[in-house]
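Novice: Here it is, the structure in full.
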Amino acid sequence: MVITTEALTRSFGTLVAVDGLDLELPAGGVVGLVGPNGSGKSTLIRMLLGLVAPSGGSATVLGRGIDDPTAYAAEVGALIEGPAFVPGLSARANLASLAALRGLPRSRVDEVLEVVGLAGRGNEPVRRFSLGMKQRLGIAAALLPDPALLILDEPTNGLDPAGIVEIRTLLRQLGSEGRTVVVSSHLMSEIETICTYVVVVRFGVLVFSGPMSELMRRATTSVAVAPEDASDRGALRDVLEGHGWSVSAEEPTLRVVAGEADAALINRQAAAAGITLSSLAVHRDSLEAVFLAMTGTDDGELADARGAALRGGVRREGVR
Amino acid sequence: MIGVVRSELLRLRRRSVLIGWFGLVVVFAVLINFVMFNVVDESGAAPADGPGVSFPSAAALLSPDGIVAGLGAAASFFGVITLAFWALAAASDYSTGLVRILVAAEPRRGRLLMGKWIALALVTALTCVTALVVNVAVAPVAAQAGGFSPDAWGTDLLVVLAEATGHLYLSLLVWGSIGLALATLTRSAGVAIGVGVGYVLLVEAVISAVATDISDWLPGAILTALAQGGNEAVSLAAAASTGALYVVAALGAALFAFRSRDITD
């Protein structure tokens with residue numbers, strides 16, 4: 001396991017940011033760390049990196065306890081809450097400073113600049129960089145130690161669409177090289193696209209931890225059908241409900257709670273009843289829908305729920 | 001530790017720091033010499049001190065040490081400049097968010113802070129040499145303009161220059177350490193510089209005016225005495241030992257805060 005936590009807890013006054021978190025992350029691949037705002041992702045990352053001390057519990061990174069981050073710091077690269085650099089220095093000088101701090105050769109600077117596509121801009125002051133370029137530079141800084149574990153907080157923030165695709169490709173490549181890449185993100189499409197394993201936290205409590213495929217099995221599938229003749233909608237609904245499917249009306253279609261394998265059977269049943277379908281489409285919940293079903297629908301709901309939890313004493317949500 | 005120092009030195013190489021820090025040192029080294037040789041009466045006693053300035057007597061200016069008297073007279077100004085740039089160097093790590101990258105890369109926070117102290121001390125040594133060179137170049141011109149005939153200047157010149165630079169350097173290390181501590185404690189360059197400058201130019205000046213019996217032992221006065229190699233009120237040994245206590249207290253407080261607090265910036 002690349003990261004383990006056992007009852008890991010961190011409180012700030014009455015607020016429990018991370019609440020008895022038990023977690024085991026396997027080595028290798030790209031791991032998505034997702035959760036709504038204020039769910040404790042950043043606090044968790046900071047504890048793993050030795051920036052914030054836990055209030056209770058324990059954790060290991062690369063097999064070594066987080067009470068001594070020195071033991072693994074040389075093998076971990078991180079981009080924490082956005083890129084941070086000295087604006088008046090060039091990209092190359094900034095990286096050279098971090099390389100010196102880690103005792104790395106200067107040549108490593110050019111290597112990571114090349115990896116993130118900034119080799120030609122290395123001598124420009126960082127203050128002239130766009131947010132996307134700073135983000136790339138932040139990833140370059142994280143890559144300096146050639147880390148076994150790479151922790152990236154919102155790595156594609158500020159990038160243009162082409163840059164996002166490029167960085168996603170890079171992250172997938174890094175994850176396939178044997179190292180573990182932990183990506184914290186609010187973008188479900190990003191997590192769905194690049195992650196092989198996903199961790200969902202809410203109110204500092206683990207909601208889900210497992211392979212992406214396992215999480216997506218929670219997605220519900222439905223089949224949307226529309227009769228060619230609108231006056232057949234009632235008859236079609238009766239036919240489908242008669243076969244045991246749950247049907248709801250969503251003008252101008254009917255939504256049938258059924259798997260992809262049932263689509264052909266639905267079509268046959270409609271035809272047998274003399275109803276011609278003008279459309280039949282299988283709909284599968286996105287990761288975003290699955291995520292929202294687990295964590296809440298919007299910030300307002302989350303804030304209300306969090307407030308209720310705090311007023312009633314912090315409670316643990318069901319894990320898994 | 002060498003890596004930490006090198007890393008800090010690389011970050012200090014930015015143009016704004018170098019031009020600002022060394023530029024201010026040069027400006028004050030020039031200004032103080034012309035002001036000092038103009039306001040000190042060749043036949044009279046030393047004029048009253050101003051905020052941050054301690055004027056020597058005419059006899060002191062005419063002595064072999066007179067060539068470097070400007071360094072001691074403006075010691076508080078050099079001190080405030082040093083405090084400000086040490087505070088800026090420490091606080092900018094928080095304002096840019098760099099501190100989280102640095103601590104994640106080097107979790108031994110004591111080593112990070114001490115590496116920063118050493119790097120800043122090295123740059124401060126360069127500012128001292130710069131102040132000395134400018135002072136030595138300007139003092140003869142300023143003395144002539146002020147009507148002084150410094151015939152004694154040149155006696156034991158190397159010893160005089162080395163002692164003056166060494167004394168100024170020791171006092172600046174104390175000023176810098178206080179700036180580093182204030183910035184680490186407040187995580188803000190503005191607050192740290194405001195406290196430092198406000199104390200020297202306002203608070204200590206007011207206390208000195210109303211409590212003359214302790215005025216020679218206030219931090220600004222002590223550090224001026226240290227920069228001057230001791231004066232009539234405070235010996236070099238007393239100033240140096242008090243300065244050392246300030247450094248220990250400042251670094252102790254900064255180390256405690258930096259090692260024990262969460263990095264949430």
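Starting from 1 in every chain, residues are counted up; chains themselves are A, B, ... following the order of the structure tokens, and ligands are numbered from 1 as listed.
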Can you tell me, as number ranges by chain, what residues are no more than 8 Å from A:Gly77 when counting only C-alpha atoms, ignoring any on the same chain fewer than 3 positions away?
Specialist: A: 73-74, 141-147, 149-151; B: 105
Novice: Apply DSSP to the structure's backbone, then extract all residues of stretch 64-271 of chain A labelled strand (DSSP E or B) and return them as a ChimeraX atom specification.
Specialist: /A:64-65,76-79,90,125,149-153,180-184,197-202,205-211,221-227,246-250,253-257
Novice: Write the residues of the selection above to a file with N, CA and C atoms, as a short mmCIF file (atom, residue, chain, number, x, y, z; two decimals), in the first residue's frame.
Specialist:
```
data_model
loop_
_atom_site.label_atom_id
_atom_site.label_comp_id
_atom_site.auth_asym_id
_atom_site.auth_seq_id
_atom_site.Cartn_x
_atom_site.Cartn_y
_atom_site.Cartn_z
N ARG A 64 6.10 4.31 5.58
CA ARG A 64 6.72 4.97 6.74
C ARG A 64 5.74 5.96 7.39
N GLY A 65 5.80 6.04 8.70
CA GLY A 65 4.82 6.82 9.45
C GLY A 65 4.91 8.31 9.16
N VAL A 76 8.58 11.73 -2.57
CA VAL A 76 7.24 12.28 -2.79
C VAL A 76 7.34 13.65 -3.44
N GLY A 77 6.57 13.86 -4.49
CA GLY A 77 6.46 15.18 -5.11
C GLY A 77 5.03 15.65 -4.96
N ALA A 78 4.85 16.96 -4.78
CA ALA A 78 3.49 17.43 -4.53
C ALA A 78 3.24 18.81 -5.12
N LEU A 79 2.02 18.97 -5.57
CA LEU A 79 1.50 20.27 -5.97
C LEU A 79 0.31 20.51 -5.05
N SER A 90 13.08 33.44 -12.64
CA SER A 90 12.69 32.66 -13.82
C SER A 90 12.21 31.28 -13.38
N PRO A 125 10.60 35.20 -16.33
CA PRO A 125 10.14 35.32 -14.94
C PRO A 125 8.76 34.69 -14.78
N LEU A 149 5.72 8.62 -5.38
CA LEU A 149 4.35 9.07 -5.11
C LEU A 149 4.24 10.55 -5.48
N LEU A 150 3.27 10.82 -6.35
CA LEU A 150 3.05 12.19 -6.81
C LEU A 150 1.65 12.60 -6.34
N ILE A 151 1.58 13.68 -5.57
CA ILE A 151 0.29 14.15 -5.07
C ILE A 151 -0.01 15.50 -5.71
N LEU A 152 -1.07 15.56 -6.48
CA LEU A 152 -1.38 16.77 -7.24
C LEU A 152 -2.78 17.27 -6.90
N ASP A 153 -2.85 18.49 -6.43
CA ASP A 153 -4.12 19.09 -6.07
C ASP A 153 -4.61 19.94 -7.26
N THR A 180 2.81 6.06 -8.20
CA THR A 180 1.41 6.32 -7.87
C THR A 180 1.16 7.81 -7.98
N VAL A 181 0.12 8.16 -8.68
CA VAL A 181 -0.26 9.56 -8.84
C VAL A 181 -1.60 9.78 -8.15
N VAL A 182 -1.63 10.59 -7.12
CA VAL A 182 -2.88 10.91 -6.43
C VAL A 182 -3.33 12.27 -6.91
N VAL A 183 -4.51 12.31 -7.50
CA VAL A 183 -5.04 13.55 -8.06
C VAL A 183 -6.27 13.96 -7.27
N SER A 184 -6.19 15.12 -6.66
CA SER A 184 -7.36 15.68 -5.99
C SER A 184 -8.03 16.62 -6.96
N TYR A 197 -8.40 4.24 -9.74
CA TYR A 197 -8.85 3.99 -8.37
C TYR A 197 -9.40 5.31 -7.85
N VAL A 198 -10.41 5.25 -7.02
CA VAL A 198 -11.00 6.51 -6.57
C VAL A 198 -11.35 6.46 -5.08
N VAL A 199 -11.14 7.58 -4.43
CA VAL A 199 -11.47 7.73 -3.02
C VAL A 199 -12.44 8.92 -2.92
N VAL A 200 -13.58 8.69 -2.29
CA VAL A 200 -14.56 9.75 -2.11
C VAL A 200 -14.67 10.06 -0.63
N VAL A 201 -14.48 11.32 -0.27
CA VAL A 201 -14.62 11.72 1.13
C VAL A 201 -15.70 12.80 1.24
N ARG A 202 -16.34 12.79 2.40
CA ARG A 202 -17.39 13.79 2.67
C ARG A 202 -17.37 14.07 4.16
N VAL A 205 -15.01 12.12 6.16
CA VAL A 205 -15.26 10.68 6.36
C VAL A 205 -15.19 9.98 5.01
N LEU A 206 -14.63 8.79 5.02
CA LEU A 206 -14.55 8.04 3.78
C LEU A 206 -15.93 7.55 3.36
N VAL A 207 -16.30 7.86 2.13
CA VAL A 207 -17.58 7.41 1.60
C VAL A 207 -17.37 6.21 0.67
N PHE A 208 -16.29 6.26 -0.07
CA PHE A 208 -15.99 5.15 -0.98
C PHE A 208 -14.50 5.11 -1.25
N SER A 209 -13.99 3.91 -1.34
CA SER A 209 -12.60 3.72 -1.75
C SER A 209 -12.52 2.41 -2.52
N GLY A 210 -12.14 2.48 -3.76
CA GLY A 210 -12.05 1.26 -4.55
C GLY A 210 -11.76 1.58 -6.00
N PRO A 211 -11.68 0.53 -6.82
CA PRO A 211 -11.42 0.75 -8.25
C PRO A 211 -12.55 1.55 -8.89
N THR A 221 -28.68 2.53 -14.70
CA THR A 221 -28.85 2.60 -16.15
C THR A 221 -30.35 2.67 -16.44
N SER A 222 -30.71 3.43 -17.42
CA SER A 222 -32.12 3.51 -17.81
C SER A 222 -32.20 3.55 -19.34
N VAL A 223 -33.39 3.25 -19.82
CA VAL A 223 -33.59 3.26 -21.27
C VAL A 223 -34.71 4.26 -21.57
N ALA A 224 -34.42 5.22 -22.39
CA ALA A 224 -35.43 6.22 -22.76
C ALA A 224 -36.06 5.80 -24.09
N VAL A 225 -37.37 5.68 -24.08
CA VAL A 225 -38.05 5.26 -25.32
C VAL A 225 -39.13 6.27 -25.68
N ALA A 226 -39.38 6.43 -26.96
CA ALA A 226 -40.44 7.33 -27.42
C ALA A 226 -41.19 6.64 -28.56
N PRO A 227 -42.51 6.57 -28.44
CA PRO A 227 -43.27 5.95 -29.54
C PRO A 227 -43.36 6.93 -30.73
N SER A 246 -39.99 -0.50 -14.05
CA SER A 246 -40.44 0.76 -13.46
C SER A 246 -40.33 1.84 -14.54
N VAL A 247 -41.40 2.56 -14.78
CA VAL A 247 -41.42 3.52 -15.89
C VAL A 247 -41.84 4.89 -15.36
N SER A 248 -41.14 5.92 -15.82
CA SER A 248 -41.55 7.27 -15.47
C SER A 248 -41.66 8.09 -16.76
N ALA A 249 -42.57 9.06 -16.74
CA ALA A 249 -42.78 9.87 -17.94
C ALA A 249 -41.87 11.07 -17.92
N GLU A 250 -41.13 11.24 -18.98
CA GLU A 250 -40.29 12.43 -19.15
C GLU A 250 -40.51 12.91 -20.57
N THR A 253 -40.50 11.43 -23.80
CA THR A 253 -40.12 10.01 -23.74
C THR A 253 -40.65 9.37 -22.46
N LEU A 254 -40.48 8.07 -22.42
CA LEU A 254 -40.70 7.32 -21.18
C LEU A 254 -39.34 6.80 -20.74
N ARG A 255 -39.05 6.91 -19.43
CA ARG A 255 -37.76 6.43 -18.93
C ARG A 255 -38.01 5.12 -18.20
N VAL A 256 -37.33 4.10 -18.66
CA VAL A 256 -37.51 2.75 -18.11
C VAL A 256 -36.26 2.40 -17.32
N VAL A 257 -36.44 2.05 -16.03
CA VAL A 257 -35.29 1.66 -15.23
C VAL A 257 -34.93 0.23 -15.64
#
```
Novice: Could you pull the residues within 7 Å of B:Ile67, counting only C-alpha atoms, minus those fewer than 6 positions along the same chain, as a PDB file with N, CA and C atoms, in the first residue's frame?
Specialist:
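Dumped to selection-v1.pdb:
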```pdb
ATOM      1  N   VAL B 136      33.870  54.603   2.872  1.00  0.00           N
ATOM      2  CA  VAL B 136      35.274  55.000   2.745  1.00  0.00           C
ATOM      3  C   VAL B 136      35.457  55.929   1.535  1.00  0.00           C
ATOM      4  N   ALA B 139      33.333  59.404   2.721  1.00  0.00           N
ATOM      5  CA  ALA B 139      33.692  60.128   3.946  1.00  0.00           C
ATOM      6  C   ALA B 139      34.704  61.252   3.713  1.00  0.00           C
ATOM      7  N   TRP B 153      43.189  60.250   9.912  1.00  0.00           N
ATOM      8  CA  TRP B 153      42.625  59.109   9.167  1.00  0.00           C
ATOM      9  C   TRP B 153      43.763  58.399   8.425  1.00  0.00           C
TER      10      TRP B 153
END
```
Novice: What's the 10 Å shell around B:Val99, counting only C-alpha atoms, without same-chain residues fewer than 5 positions away, as a PyMOL selection string?
Specialist: (chain A and resi 51+84-85) or (chain B and resi 90-94+104-105+112+263-265)
Novice: Could you list, as an MDAnalysis selection string, every residue within 6 Å of stretch 168-184 of chain B, counting only C-alpha atoms and ignoring same-chain residues fewer than 4 positions away?
Specialist: chainID B and resid 79 82:83 86:87 90:91 188:189 192 223 226:227 247 250 254
Novice: Using N, CA and C atoms, can you write the selected residues to a file as a short mmCIF file (atom, residue, chain, number, x, y, z; two decimals), in the first residue's frame?
Specialist:
```cif
data_model
loop_
_atom_site.label_atom_id
_atom_site.label_comp_id
_atom_site.auth_asym_id
_atom_site.auth_seq_id
_atom_site.Cartn_x
_atom_site.Cartn_y
_atom_site.Cartn_z
N GLY B 79 20.25 48.89 10.30
CA GLY B 79 19.57 47.81 11.02
C GLY B 79 18.14 47.62 10.56
N THR B 82 18.05 46.04 7.21
CA THR B 82 18.32 44.60 7.33
C THR B 82 17.11 43.86 7.88
N LEU B 83 16.52 44.43 8.93
CA LEU B 83 15.31 43.82 9.50
C LEU B 83 14.24 43.65 8.43
N TRP B 86 15.22 40.85 5.82
CA TRP B 86 15.12 39.52 6.43
C TRP B 86 13.63 39.16 6.61
N ALA B 87 12.85 40.13 7.05
CA ALA B 87 11.42 39.88 7.25
C ALA B 87 10.74 39.57 5.92
N ALA B 90 11.51 36.05 4.78
CA ALA B 90 10.78 35.02 5.53
C ALA B 90 9.29 35.05 5.22
N ALA B 91 8.72 36.26 5.19
CA ALA B 91 7.27 36.36 5.02
C ALA B 91 6.83 36.04 3.60
N SER B 188 3.80 37.81 8.19
CA SER B 188 3.50 39.00 7.38
C SER B 188 4.68 39.94 7.39
N ALA B 189 5.19 40.26 6.19
CA ALA B 189 6.31 41.20 6.10
C ALA B 189 5.88 42.59 6.56
N ALA B 192 5.68 42.76 10.33
CA ALA B 192 7.03 42.65 10.91
C ALA B 192 7.82 43.95 10.72
N LEU B 223 22.07 48.17 20.06
CA LEU B 223 22.60 47.71 18.77
C LEU B 223 23.42 48.80 18.09
N LEU B 226 26.68 48.51 19.75
CA LEU B 226 27.39 47.35 19.20
C LEU B 226 28.02 47.71 17.85
N ALA B 227 27.26 48.40 17.01
CA ALA B 227 27.78 48.79 15.69
C ALA B 227 28.94 49.77 15.82
N VAL B 247 19.49 37.58 19.79
CA VAL B 247 19.50 36.59 18.69
C VAL B 247 18.96 35.25 19.19
N ALA B 250 15.22 35.60 19.72
CA ALA B 250 14.49 35.73 18.45
C ALA B 250 14.45 34.40 17.71
N ALA B 254 11.26 32.00 16.89
CA ALA B 254 10.95 31.66 15.50
C ALA B 254 10.97 30.14 15.30
#
```
Novice: Dump as JSON lines the rows for residues of chain B within 6 Å of chain A: closest atom pair and distance in Å with one decimal, only C-alpha atoms counted, ordered by chain and rising residue number.
Specialist:
```
{"residue": "B:Gly3", "atom": "CA", "partner": "A:Leu101", "partner_atom": "CA", "distance": 4.8}
{"residue": "B:Val4", "atom": "CA", "partner": "A:Leu101", "partner_atom": "CA", "distance": 4.9}
{"residue": "B:Ser7", "atom": "CA", "partner": "A:Ser97", "partner_atom": "CA", "distance": 4.3}
{"residue": "B:Leu10", "atom": "CA", "partner": "A:Ser97", "partner_atom": "CA", "distance": 5.6}
{"residue": "B:Arg14", "atom": "CA", "partner": "A:Leu89", "partner_atom": "CA", "distance": 5.9}
{"residue": "B:Thr96", "atom": "CA", "partner": "A:Ala84", "partner_atom": "CA", "distance": 5.7}
{"residue": "B:Gly97", "atom": "CA", "partner": "A:Ala84", "partner_atom": "CA", "distance": 5.2}
{"residue": "B:Leu98", "atom": "CA", "partner": "A:Ala84", "partner_atom": "CA", "distance": 5.0}
{"residue": "B:Ala104", "atom": "CA", "partner": "A:Leu49", "partner_atom": "CA", "distance": 5.6}
{"residue": "B:Ala105", "atom": "CA", "partner": "A:Ala73", "partner_atom": "CA", "distance": 5.7}
{"residue": "B:Pro107", "atom": "CA", "partner": "A:Thr70", "partner_atom": "CA", "distance": 5.5}
{"residue": "B:Asp262", "atom": "CA", "partner": "A:Val52", "partner_atom": "CA", "distance": 4.7}
{"residue": "B:Ile263", "atom": "CA", "partner": "A:Leu51", "partner_atom": "CA", "distance": 5.0}
```
Novice: I need the chosen residues saved as an mmCIF file, in the first residue's frame, with C-alpha atoms.
Specialist:
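Okay, selection18.cif is ready:
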```cif
data_model
loop_
_atom_site.group_PDB
_atom_site.id
_atom_site.type_symbol
_atom_site.label_atom_id
_atom_site.label_comp_id
_atom_site.auth_asym_id
_atom_site.auth_seq_id
_atom_site.Cartn_x
_atom_site.Cartn_y
_atom_site.Cartn_z
ATOM 1 C CA GLY B 3 21.517 22.469 0.038
ATOM 2 C CA VAL B 4 19.099 24.505 2.128
ATOM 3 C CA SER B 7 18.380 27.024 -2.229
ATOM 4 C CA LEU B 10 19.183 31.221 -5.248
ATOM 5 C CA ARG B 14 16.084 38.214 -7.464
ATOM 6 C CA THR B 96 3.562 33.079 -2.140
ATOM 7 C CA GLY B 97 2.606 29.744 -0.588
ATOM 8 C CA LEU B 98 6.157 28.547 -1.160
ATOM 9 C CA ALA B 104 7.064 19.148 1.955
ATOM 10 C CA ALA B 105 10.505 18.858 0.320
ATOM 11 C CA PRO B 107 10.332 18.468 6.559
ATOM 12 C CA ASP B 262 0.579 23.901 11.026
ATOM 13 C CA ILE B 263 1.374 25.070 7.512
#
```
Novice: B:Ala60: which residues within 12 Å, counting only C-alpha atoms, same-chain residues fewer than 3 positions away excluded, as number ranges by chain?
Specialist: B: 36-37, 40-46, 55-57, 63-70, 72-73, 148, 150, 152-153, 228, 231-232
Novice: Which value, in Å to one decimal, gives the distance between atom CA of A:His283 and atom CA of A:Ile266?
Specialist: 14.2 Å
Novice: Applying 9 Å and only C-alpha atoms, which residues near B:Leu9 remain after dropping the ones on its own chain fewer than 6 positions away? List them as a list in words.
Specialist: Ser97 of chain A; Lys116, Ala119, Leu120, Leu122 and Val123 of chain B
Novice: Could you take the residues named above and write them with C-alpha atoms, as a compact mmCIF listing (two decimals), in the first residue's frame?
Specialist:
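This went into selection-v3.txt:
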```txt
# COMPACT_ATOMS: atom_id res chain seq x y z
CA SER A 97 16.26 26.51 -5.96
CA LYS B 116 17.54 30.75 5.70
CA ALA B 119 21.90 32.57 3.67
CA LEU B 120 20.60 35.92 4.87
CA LEU B 122 25.88 35.78 4.01
CA VAL B 123 24.03 38.40 1.99
```
